[in-house]
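Data block for protein.cif (mmCIF, C-alpha atoms):
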data_protein
#
loop_
_atom_site.label_atom_id
_atom_site.label_comp_id
_atom_site.auth_asym_id
_atom_site.auth_seq_id
_atom_site.Cartn_x
_atom_site.Cartn_y
_atom_site.Cartn_z
CA MET P 2 105.54 161.01 177.05
CA LYS P 3 108.98 159.68 176.23
CA LYS P 4 107.45 156.29 175.55
CA VAL P 5 105.00 157.83 173.07
CA ILE P 6 107.77 159.68 171.20
CA TYR P 7 109.91 156.55 171.16
CA SER P 8 107.00 154.54 169.73
CA LEU P 9 106.40 157.11 166.98
CA LEU P 10 110.07 157.03 165.94
CA ILE P 11 110.01 153.25 165.67
CA ALA P 12 106.84 153.41 163.53
CA GLN P 13 108.45 155.96 161.16
CA VAL P 14 111.55 153.79 160.77
CA ILE P 15 109.39 150.77 159.93
CA ILE P 16 107.38 152.77 157.35
CA LEU P 17 110.54 154.19 155.74
CA PHE P 18 112.15 150.74 155.58
CA GLY P 19 109.02 149.24 154.02
CA CYS P 20 108.82 151.95 151.36
CA GLY P 21 112.48 151.55 150.51
CA GLU P 22 112.01 147.81 150.16
CA LYS P 23 108.96 148.30 147.89
CA LYS P 24 110.85 150.84 145.73
CA THR P 25 113.79 148.45 145.38
CA SER P 26 111.43 145.63 144.37
CA GLU P 27 109.70 147.83 141.78
CA THR P 28 113.05 148.90 140.34
CA ALA P 29 114.23 145.30 140.03
CA THR P 30 110.99 144.32 138.33
CA THR P 31 111.27 147.14 135.84
CA GLU P 32 114.76 146.00 134.84
CA THR P 33 113.46 142.60 133.71
CA GLU P 34 110.26 143.74 132.02
CA ALA P 35 109.83 145.39 128.63
CA SER P 36 110.72 149.08 128.44
CA ASP P 37 109.89 151.38 125.50
CA GLY P 38 108.35 148.42 123.70
CA ASN P 39 111.58 146.42 123.95
CA ILE P 40 112.03 143.05 125.62
CA SER P 41 115.02 142.45 127.86
CA ILE P 42 116.42 138.97 128.49
CA THR P 43 119.29 138.34 130.86
CA LYS P 44 122.23 136.43 129.49
CA GLU P 45 121.75 133.87 132.23
CA GLN P 46 118.18 133.27 131.07
CA PHE P 47 119.36 133.30 127.45
CA ASN P 48 121.95 130.58 128.07
CA ASN P 49 119.82 128.45 130.38
CA SER P 50 116.96 128.36 127.84
CA GLY P 51 119.24 127.37 124.95
CA MET P 52 118.34 130.47 122.94
CA VAL P 53 120.22 131.23 119.70
CA LEU P 54 120.89 134.40 117.71
CA GLY P 55 121.10 134.45 113.93
CA LYS P 56 120.82 136.56 110.80
CA LEU P 57 118.74 136.42 107.66
CA GLU P 58 120.15 133.90 105.17
CA GLU P 59 119.88 133.41 101.44
CA LYS P 60 117.96 130.16 100.92
CA PRO P 61 116.56 128.44 97.81
CA PHE P 62 112.77 128.15 97.69
CA PRO P 63 111.10 125.97 95.05
CA ILE P 64 108.27 127.11 92.81
CA THR P 65 105.88 124.18 92.62
CA ILE P 66 102.76 123.17 90.76
CA GLN P 67 100.39 121.48 93.17
CA THR P 68 98.49 118.46 91.92
CA ASN P 69 97.21 115.08 93.01
CA GLY P 70 97.01 111.56 91.70
CA MET P 71 97.54 108.00 92.80
CA ILE P 72 100.07 105.21 93.17
CA ASP P 73 99.86 102.90 90.17
CA VAL P 74 101.77 100.15 88.35
CA PRO P 75 102.57 99.71 84.63
CA PRO P 76 100.09 97.65 82.58
CA GLU P 77 102.52 94.73 82.38
CA ASN P 78 102.57 94.57 86.19
CA ARG P 79 98.80 94.13 86.42
CA ALA P 80 96.97 91.00 85.25
CA VAL P 81 93.25 90.22 85.21
CA VAL P 82 92.81 86.44 85.02
CA SER P 83 89.81 84.95 83.21
CA ALA P 84 88.88 81.58 81.69
CA THR P 85 89.42 80.67 78.04
CA MET P 86 86.22 78.61 78.16
CA GLY P 87 83.38 78.73 80.66
CA GLY P 88 83.03 76.28 83.51
CA TYR P 89 82.51 75.73 87.23
CA ILE P 90 85.22 76.57 89.74
CA LYS P 91 86.37 73.30 91.27
CA GLN P 92 89.37 74.51 93.25
CA THR P 93 90.45 77.98 94.40
CA PRO P 94 93.01 77.82 97.23
CA LEU P 95 93.94 81.53 97.27
CA LEU P 96 92.72 84.59 99.18
CA ILE P 97 93.12 88.32 98.68
CA GLY P 98 96.62 89.32 99.79
CA ASP P 99 98.25 85.98 98.97
CA ALA P 100 101.53 86.22 97.10
CA VAL P 101 101.85 84.11 93.97
CA LYS P 102 104.69 83.28 91.61
CA LYS P 103 104.51 83.25 87.86
CA GLY P 104 103.22 79.85 86.70
CA GLN P 105 101.60 78.99 90.05
CA LEU P 106 98.21 77.24 90.00
CA LEU P 107 95.41 79.73 90.65
CA VAL P 108 92.10 77.94 90.03
CA THR P 109 90.76 74.73 88.47
CA ILE P 110 87.69 74.82 86.21
CA GLU P 111 85.46 71.84 85.39
CA ASN P 112 83.27 71.54 82.27
CA PRO P 113 81.96 68.48 80.32
CA GLU P 114 82.78 70.34 77.12
CA PHE P 115 86.46 69.84 77.90
CA ILE P 116 85.89 66.08 77.44
CA THR P 117 84.16 66.60 74.08
CA LEU P 118 87.02 68.83 72.96
CA GLN P 119 89.58 66.15 73.77
CA GLN P 120 87.49 63.45 72.03
CA ASN P 121 87.27 65.55 68.88
CA TYR P 122 91.02 66.10 69.02
CA MET P 123 91.70 62.37 69.19
CA GLU P 124 89.24 61.56 66.38
CA VAL P 125 90.71 64.14 64.04
CA LYS P 126 94.23 62.98 64.86
CA GLN P 127 93.33 59.41 63.92
CA GLN P 128 91.60 60.51 60.72
CA LEU P 129 94.56 62.64 59.83
CA VAL P 130 96.81 59.61 59.48
CA TYR P 131 94.51 58.02 56.87
CA LEU P 132 93.77 61.29 55.04
CA GLN P 133 97.45 62.15 54.77
CA SER P 134 98.21 58.70 53.34
CA GLU P 135 95.37 59.02 50.82
CA TYR P 136 96.48 62.50 49.82
CA GLU P 137 100.04 61.35 49.21
CA ARG P 138 98.77 58.36 47.19
CA GLN P 139 96.52 60.53 45.02
CA GLN P 140 99.39 62.95 44.51
CA THR P 141 101.61 60.13 43.19
CA LEU P 142 98.86 58.86 40.89
CA GLN P 143 98.24 62.39 39.67
CA GLU P 144 101.87 62.80 38.75
CA GLU P 145 101.70 59.56 36.72
CA ASN P 146 98.36 60.57 35.14
CA ILE P 147 96.68 57.45 36.52
CA THR P 148 93.95 59.20 38.59
CA SER P 149 91.64 62.05 37.75
CA GLN P 150 92.18 65.63 38.82
CA LYS P 151 88.90 65.53 40.74
CA SER P 152 89.99 62.61 42.92
CA PHE P 153 93.27 64.30 43.70
CA LEU P 154 91.65 67.59 44.67
CA LYS P 155 89.13 65.83 46.89
CA ALA P 156 91.88 63.97 48.77
CA GLU P 157 93.90 67.17 49.10
CA SER P 158 90.91 69.12 50.44
CA GLU P 159 89.95 66.49 53.01
CA PHE P 160 93.51 66.20 54.29
CA LYS P 161 94.12 69.93 54.64
CA THR P 162 90.73 70.51 56.28
CA ALA P 163 91.39 67.79 58.85
CA ASN P 164 94.90 69.08 59.41
CA ALA P 165 93.62 72.60 60.10
CA ARG P 166 90.99 71.27 62.51
CA TYR P 167 93.62 69.17 64.26
CA HIS P 168 95.90 72.13 64.88
CA GLY P 169 92.94 74.29 65.97
CA LEU P 170 91.81 71.73 68.55
CA LYS P 171 95.37 71.29 69.75
CA LYS P 172 95.74 75.03 70.26
CA GLN P 173 92.51 75.15 72.26
CA LEU P 174 93.74 72.38 74.54
CA VAL P 175 97.05 74.20 75.05
CA MET P 176 95.17 77.38 75.98
CA LEU P 177 93.20 75.36 78.54
CA ASN P 178 96.49 73.99 79.89
CA ILE P 179 95.40 70.43 79.03
CA SER P 180 98.35 68.31 78.00
CA THR P 181 97.92 67.00 74.43
CA SER P 182 100.50 64.30 75.09
CA GLN P 183 98.37 62.96 77.92
CA VAL P 184 95.26 63.09 75.73
CA GLU P 185 97.06 61.14 73.00
CA LYS P 186 97.79 58.49 75.62
CA GLY P 187 94.07 58.23 76.27
CA ILE P 188 94.08 60.21 79.53
CA ILE P 189 91.10 62.56 79.26
CA SER P 190 90.32 65.15 81.94
CA SER P 191 87.16 67.10 82.70
CA THR P 192 89.09 69.94 84.34
CA ALA P 193 91.34 72.73 83.13
CA SER P 194 93.87 74.63 85.22
CA ILE P 195 94.62 78.36 85.18
CA PHE P 196 98.13 79.47 86.14
CA ALA P 197 99.49 82.87 87.17
CA PRO P 198 100.67 84.90 84.15
CA ILE P 199 102.82 87.12 86.41
CA GLY P 200 104.13 87.10 89.96
CA GLY P 201 102.64 89.42 92.56
CA SER P 202 99.80 89.60 95.08
CA ILE P 203 96.12 88.78 94.74
CA THR P 204 94.18 92.05 94.90
CA GLN P 205 90.76 90.81 93.80
CA MET P 206 89.09 87.40 94.09
CA ASN P 207 85.69 87.31 92.36
CA VAL P 208 84.80 83.62 92.64
CA THR P 209 84.28 80.86 95.16
CA ARG P 210 84.13 77.12 94.78
CA GLY P 211 81.19 76.11 92.58
CA THR P 212 80.86 79.50 90.87
CA TYR P 213 80.16 79.35 87.15
CA VAL P 214 82.42 81.64 85.13
CA SER P 215 82.11 82.60 81.49
CA PRO P 216 85.06 83.54 79.27
CA ALA P 217 84.23 87.24 79.80
CA SER P 218 84.16 86.99 83.61
CA PRO P 219 87.26 88.19 85.52
CA ILE P 220 88.19 85.53 88.07
CA LEU P 221 90.88 87.39 89.98
CA GLU P 222 93.47 90.15 89.67
CA ILE P 223 97.20 90.05 90.33
CA ILE P 224 99.35 93.15 90.84
CA ASP P 225 103.14 93.17 90.97
CA ASN P 226 104.29 96.10 93.14
CA ASP P 227 107.97 95.70 92.29
CA HIS P 228 107.75 98.75 90.01
CA ILE P 229 105.24 101.35 91.13
CA HIS P 230 104.92 104.90 89.90
CA LEU P 231 102.93 108.10 90.31
CA GLU P 232 100.06 108.85 87.97
CA LEU P 233 99.35 112.59 88.34
CA SER P 234 96.79 114.87 86.68
CA ILE P 235 98.04 118.30 85.59
CA PHE P 236 95.71 121.07 84.48
CA GLU P 237 96.06 122.36 80.95
CA LYS P 238 97.24 125.82 82.10
CA ASP P 239 100.29 124.32 83.87
CA ILE P 240 101.39 121.62 81.44
CA MET P 241 103.83 123.85 79.49
CA LYS P 242 105.87 124.30 82.69
CA ILE P 243 106.36 120.56 83.18
CA LYS P 244 109.60 119.00 81.88
CA LYS P 245 111.03 115.51 82.07
CA GLY P 246 113.36 115.05 85.04
CA GLN P 247 111.78 117.70 87.28
CA PRO P 248 111.67 116.66 90.96
CA ILE P 249 108.36 115.73 92.59
CA LEU P 250 107.64 115.92 96.32
CA PHE P 251 104.57 113.96 97.37
CA ARG P 252 102.70 112.83 100.45
CA ILE P 253 100.13 110.17 101.16
CA PRO P 254 97.85 112.17 103.52
CA GLU P 255 95.73 109.23 104.63
CA ALA P 256 98.69 107.06 105.62
CA SER P 257 101.73 109.13 106.56
CA GLU P 258 103.02 112.64 107.31
CA ASP P 259 106.34 111.89 105.57
CA THR P 260 107.32 113.51 102.28
CA PHE P 261 108.68 111.28 99.51
CA GLN P 262 110.58 112.05 96.32
CA ALA P 263 110.00 111.20 92.68
CA GLU P 264 110.73 112.74 89.28
CA VAL P 265 108.82 113.40 86.09
CA TYR P 266 109.39 110.56 83.63
CA LEU P 267 106.64 110.80 81.01
CA ILE P 268 104.24 113.57 80.04
CA GLY P 269 100.95 112.81 78.30
CA THR P 270 100.29 114.16 74.81
CA SER P 271 96.51 114.46 74.93
CA ILE P 272 94.05 116.37 77.11
CA GLY P 273 91.43 114.41 79.03
CA GLU P 274 87.75 115.19 79.44
CA ASN P 275 88.38 117.30 82.57
CA ARG P 276 91.09 119.36 80.77
CA THR P 277 93.97 117.59 82.48
CA ILE P 278 97.06 115.79 81.17
CA LYS P 279 98.54 112.67 82.74
CA VAL P 280 102.10 112.87 84.08
CA HIS P 281 103.98 109.68 84.93
CA GLY P 282 106.51 109.93 87.78
CA HIS P 283 109.20 107.47 88.88
CA LEU P 284 109.83 107.08 92.61
CA LYS P 285 113.31 107.68 94.03
CA ASP P 286 112.92 104.90 96.62
CA GLU P 287 110.70 102.05 95.46
CA GLY P 288 111.58 100.11 98.60
CA LYS P 289 108.99 102.05 100.59
CA THR P 290 105.74 100.26 101.32
CA PHE P 291 103.23 101.79 98.91
CA LEU P 292 100.00 100.20 97.76
CA THR P 293 98.46 100.53 94.35
CA GLY P 294 95.56 102.96 94.39
CA MET P 295 96.82 105.15 97.26
CA PHE P 296 95.83 108.82 96.87
CA VAL P 297 98.75 111.29 96.80
CA ASP P 298 99.18 115.05 97.14
CA ALA P 299 102.14 116.15 95.05
CA GLY P 300 104.10 119.23 94.07
CA ILE P 301 106.20 119.34 90.90
CA ILE P 302 109.18 121.70 91.33
CA THR P 303 109.50 123.73 88.13
CA GLU P 304 112.29 126.06 89.33
CA ASN P 305 114.09 127.36 92.43
CA VAL P 306 114.36 131.01 93.53
CA THR P 307 116.67 132.45 96.19
CA ALA P 308 115.16 134.60 98.96
CA LYS P 309 115.99 136.01 102.39
CA ALA P 310 114.84 133.66 105.14
CA ILE P 311 114.99 133.12 108.88
CA ALA P 312 114.94 129.93 110.89
CA SER P 313 111.31 128.90 111.28
CA GLU P 314 111.75 128.56 115.05
CA GLY P 315 112.30 132.32 115.18
CA VAL P 316 108.86 133.10 113.70
CA VAL P 317 105.93 133.36 116.13
CA GLU P 318 102.26 133.57 115.14
CA GLN P 319 99.89 135.59 117.31
CA GLU P 320 96.26 136.22 116.36
CA GLY P 321 96.90 135.58 112.69
CA LYS P 322 100.00 137.79 112.50
CA PHE P 323 103.65 136.72 112.39
CA TYR P 324 106.49 138.27 114.39
CA VAL P 325 110.26 138.02 114.86
CA LEU P 326 112.47 139.41 117.64
CA ARG P 327 115.26 141.67 116.37
CA THR P 328 118.20 142.56 118.61
CA THR P 329 118.28 146.24 119.59
CA GLY P 330 121.03 146.16 122.18
CA THR P 331 123.52 144.03 124.09
CA SER P 332 125.08 144.63 127.49
CA ASP P 333 127.29 142.60 129.78
CA THR P 334 124.24 141.11 131.47
CA ALA P 335 121.34 141.19 129.00
CA TYR P 336 120.04 141.26 125.42
CA THR P 337 117.32 143.64 124.29
CA PHE P 338 114.88 142.80 121.49
CA GLU P 339 112.02 144.45 119.66
CA SER P 340 109.04 142.57 118.18
CA ILE P 341 108.55 143.21 114.45
CA GLU P 342 105.72 141.95 112.28
CA ILE P 343 106.78 140.13 109.09
CA GLN P 344 105.11 138.83 105.96
CA PRO P 345 106.07 135.13 105.72
CA GLY P 346 106.36 133.23 102.47
CA LYS P 347 107.15 129.56 101.91
CA SER P 348 108.66 127.36 104.61
CA VAL P 349 111.23 124.79 103.44
CA ASP P 350 113.82 122.73 105.35
CA GLY P 351 113.35 124.63 108.63
CA PHE P 352 113.53 128.13 107.12
CA THR P 353 110.73 130.61 106.41
CA GLU P 354 110.89 133.10 103.58
CA ILE P 355 110.45 136.77 104.54
CA LEU P 356 108.70 138.90 101.95
CA ASN P 357 109.10 142.35 103.55
CA THR P 358 112.92 142.22 103.60
CA SER P 359 113.17 145.97 102.87
CA GLU P 360 112.57 146.58 106.57
CA PHE P 361 115.75 144.72 107.54
CA SER P 362 119.49 145.07 106.92
CA ASP P 363 122.17 142.44 106.51
CA SER P 364 123.63 143.32 109.92
CA ASP P 365 120.40 142.70 111.83
CA THR P 366 120.43 139.79 114.25
CA PHE P 367 117.36 137.91 115.47
CA LEU P 368 116.37 135.48 118.16
CA THR P 369 116.16 132.37 115.99
CA LYS P 370 115.48 129.91 118.79
CA GLY P 371 113.34 130.58 121.85
CA ALA P 372 111.28 133.46 120.41
CA PHE P 373 108.02 131.58 120.98
CA ASP P 374 108.64 131.25 124.72
CA VAL P 375 109.56 134.95 125.04
CA LEU P 376 106.55 136.33 123.17
CA GLU P 377 104.13 133.95 124.83
CA GLU P 378 105.24 135.18 128.23
#

Whole structure given in structure tokens:
Amino acid sequence: MKKVIYSLLIAQVIILFGCGEKKTSETATTETEASDGNISITKEQFNNSGMVLGKLEEKPFPITIQTNGMIDVPPENRAVVSATMGGYIKQTPLLIGDAVKKGQLLVTIENPEFITLQQNYMEVKQQLVYLQSEYERQQTLQEENITSQKSFLKAESEFKTANARYHGLKKQLVMLNISTSQVEKGIISSTASIFAPIGGSITQMNVTRGTYVSPASPILEIIDNDHIHLELSIFEKDIMKIKKGQPILFRIPEASEDTFQAEVYLIGTSIGENRTIKVHGHLKDEGKTFLTGMFVDAGIITENVTAKAIASEGVVEQEGKFYVLRTTGTSDTAYTFESIEIQPGKSVDGFTEILNTSEFSDSDTFLTKGAFDVLEE
């Protein structure tokens, strides 16, 4: 009997000890979980996680006009090369992407007509010597009333006609880059060379060796990217807000996530067919690698407004809503926070604008770093 009583006492002690242990565990758990809708974080956890407290700050937020456009170059930095006279491409050593200097040989064109042109030039030049001598002789005789007016006028007409033809043929040879001094020495060529009018890179090559080109056919295109700019399209309703010197922030979505800076330099004075006006922007850093024709998304900053904002790291999105953690209490061992829904505005330079600021006071403090980890848990 004593053994039975002794066994029952031991069992009761074990049960009581187990219940006390369970109660202690539940109490400890409650101290670390949320109570009354608040979230408690121990200072040890706060420090170990690198959390930070902060207040709402006055920050400038830009008002922008969103637009798009492209990277372009001024007309003088773009050259379409064509032939003065038609012919067959004899030599074309360049490829798309090759860099060329101003005056560098681009292509050589061959045409039998070049030979005829040089022959005519030489014939007229030789005739010009005789016709000039005859004109001067008739002029002297005319002054002395020895020759008739008709003979003098005929000599004058023939000389001036030949002289005009001579200079016309000479100009054509110069345009073909055929040396007239070489032609006058009797060196006649069947080819003409085309040289680069500007320095830059080959962006288009429309011919190959043996291709026949006419004077209207573009042979190649050269673009000099030393001075590139933005060519933006602004809708008619926004154009009155645009002023010279306003900053532009733009991105090239297909190539980079970086944001670059420019400023408004010129504003168009006529409206296009799609009711837009062209705005020309100068880049702040032309040393960046941009290519002509790149598509850009841009925002023109028309003014800046000041608004209350919080560090963007302190804003957490959950199911389409946005929350911040405001401090409700501080003890020697823990911080207590409450989750409050906010209406976010713009986000600039690591800060997010808060639109419903009437719900907060200047003395409120927030968890500005680490809020995401807390709410996700």

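Coordinates place CA of Asn112 in chain P at a distance of 28.3 Å from CA of Gly201 in chain P.
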
**Message:** Going by the chain IDs and residue numbers used in this file, which residues fall under the PyMOL selection byres ((chain P and resi 211) around 6)? Write them as a PyMOL selection string.
**Reply:** chain P and resi 89-90+210+212

Keeping C-alpha atoms for every residue in the selection just given, could you write it to a file as a tab-separated table (two decimals), keeping the file's coordinate frame?
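Written output follows (result-v3.tsv):
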chain	number	residue	atom	x	y	z
P	89	TYR	CA	82.51	75.73	87.23
P	90	ILE	CA	85.22	76.57	89.74
P	210	ARG	CA	84.13	77.12	94.78
P	212	THR	CA	80.86	79.50	90.87

Could I get the residues of range 162-281 of chain P with an atom no further than 9 Å from an atom of range 115-127 of chain P, each paired with its nearest atom pair and that distance in Å to one decimal, using only C-alpha atoms, sorted by chain and residue number, as a Markdown table?
| residue | atom | partner | partner_atom | distance |
| --- | --- | --- | --- | --- |
| P:Ala163 | CA | P:Val125 | CA | 6.4 |
| P:Asn164 | CA | P:Val125 | CA | 8.0 |
| P:Arg166 | CA | P:Val125 | CA | 7.3 |
| P:Tyr167 | CA | P:Val125 | CA | 5.8 |
| P:His168 | CA | P:Tyr122 | CA | 8.8 |
| P:Gly169 | CA | P:Tyr122 | CA | 8.9 |
| P:Leu170 | CA | P:Tyr122 | CA | 5.7 |
| P:Lys171 | CA | P:Tyr122 | CA | 6.8 |
| P:Gln173 | CA | P:Leu118 | CA | 8.4 |
| P:Leu174 | CA | P:Gln119 | CA | 7.5 |
| P:Leu177 | CA | P:Phe115 | CA | 8.7 |
| P:Ile179 | CA | P:Gln119 | CA | 8.9 |
| P:Thr181 | CA | P:Gln119 | CA | 8.4 |
| P:Val184 | CA | P:Gln119 | CA | 6.7 |
| P:Glu185 | CA | P:Met123 | CA | 6.7 |
| P:Gly187 | CA | P:Met123 | CA | 8.5 |
| P:Ile189 | CA | P:Ile116 | CA | 6.5 |
| P:Ser190 | CA | P:Ile116 | CA | 6.4 |
| P:Ser191 | CA | P:Ile116 | CA | 5.5 |
| P:Thr192 | CA | P:Phe115 | CA | 7.0 |
| P:Ala193 | CA | P:Phe115 | CA | 7.7 |

Residues from the last selection, C-alpha atoms, saved as a CSV table (one decimal), in the frame of the given file:
chain,number,residue,atom,x,y,z
P,163,ALA,CA,91.4,67.8,58.8
P,164,ASN,CA,94.9,69.1,59.4
P,166,ARG,CA,91.0,71.3,62.5
P,167,TYR,CA,93.6,69.2,64.3
P,168,HIS,CA,95.9,72.1,64.9
P,169,GLY,CA,92.9,74.3,66.0
P,170,LEU,CA,91.8,71.7,68.6
P,171,LYS,CA,95.4,71.3,69.8
P,173,GLN,CA,92.5,75.2,72.3
P,174,LEU,CA,93.7,72.4,74.5
P,177,LEU,CA,93.2,75.4,78.5
P,179,ILE,CA,95.4,70.4,79.0
P,181,THR,CA,97.9,67.0,74.4
P,184,VAL,CA,95.3,63.1,75.7
P,185,GLU,CA,97.1,61.1,73.0
P,187,GLY,CA,94.1,58.2,76.3
P,189,ILE,CA,91.1,62.6,79.3
P,190,SER,CA,90.3,65.2,81.9
P,191,SER,CA,87.2,67.1,82.7
P,192,THR,CA,89.1,69.9,84.3
P,193,ALA,CA,91.3,72.7,83.1

**Message:** Once the PyMOL selection byres ((chain P and resi 231) around 9) has been evaluated on this model, what residues remain selected, and can you format them as a ChimeraX atom specification?
**Reply:** /P:70-74,229-230,232-233,263,265,280-284,297

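Residues matched by the PyMOL selection byres ((chain P and resi 336) around 9) in this file: P:Ile40, P:Ser41, P:Ile42, P:Thr43, P:Lys44, P:Phe47, P:Thr328, P:Thr329, P:Gly330, P:Thr331, P:Ser332, P:Asp333, P:Thr334, P:Ala335, P:Thr337, P:Phe338.
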
Grab the residues selected above and save them as a PDB file, in the coordinates of the input with C-alpha atoms.
ATOM      1  CA  ILE P  40     112.030 143.050 125.620  1.00  0.00           C
ATOM      2  CA  SER P  41     115.020 142.450 127.860  1.00  0.00           C
ATOM      3  CA  ILE P  42     116.420 138.970 128.490  1.00  0.00           C
ATOM      4  CA  THR P  43     119.290 138.340 130.860  1.00  0.00           C
ATOM      5  CA  LYS P  44     122.230 136.430 129.490  1.00  0.00           C
ATOM      6  CA  PHE P  47     119.360 133.300 127.450  1.00  0.00           C
ATOM      7  CA  THR P 328     118.200 142.560 118.610  1.00  0.00           C
ATOM      8  CA  THR P 329     118.280 146.240 119.590  1.00  0.00           C
ATOM      9  CA  GLY P 330     121.030 146.160 122.180  1.00  0.00           C
ATOM     10  CA  THR P 331     123.520 144.030 124.090  1.00  0.00           C
ATOM     11  CA  SER P 332     125.080 144.630 127.490  1.00  0.00           C
ATOM     12  CA  ASP P 333     127.290 142.600 129.780  1.00  0.00           C
ATOM     13  CA  THR P 334     124.240 141.110 131.470  1.00  0.00           C
ATOM     14  CA  ALA P 335     121.340 141.190 129.000  1.00  0.00           C
ATOM     15  CA  THR P 337     117.320 143.640 124.290  1.00  0.00           C
ATOM     16  CA  PHE P 338     114.880 142.800 121.490  1.00  0.00           C
TER      17      PHE P 338
END
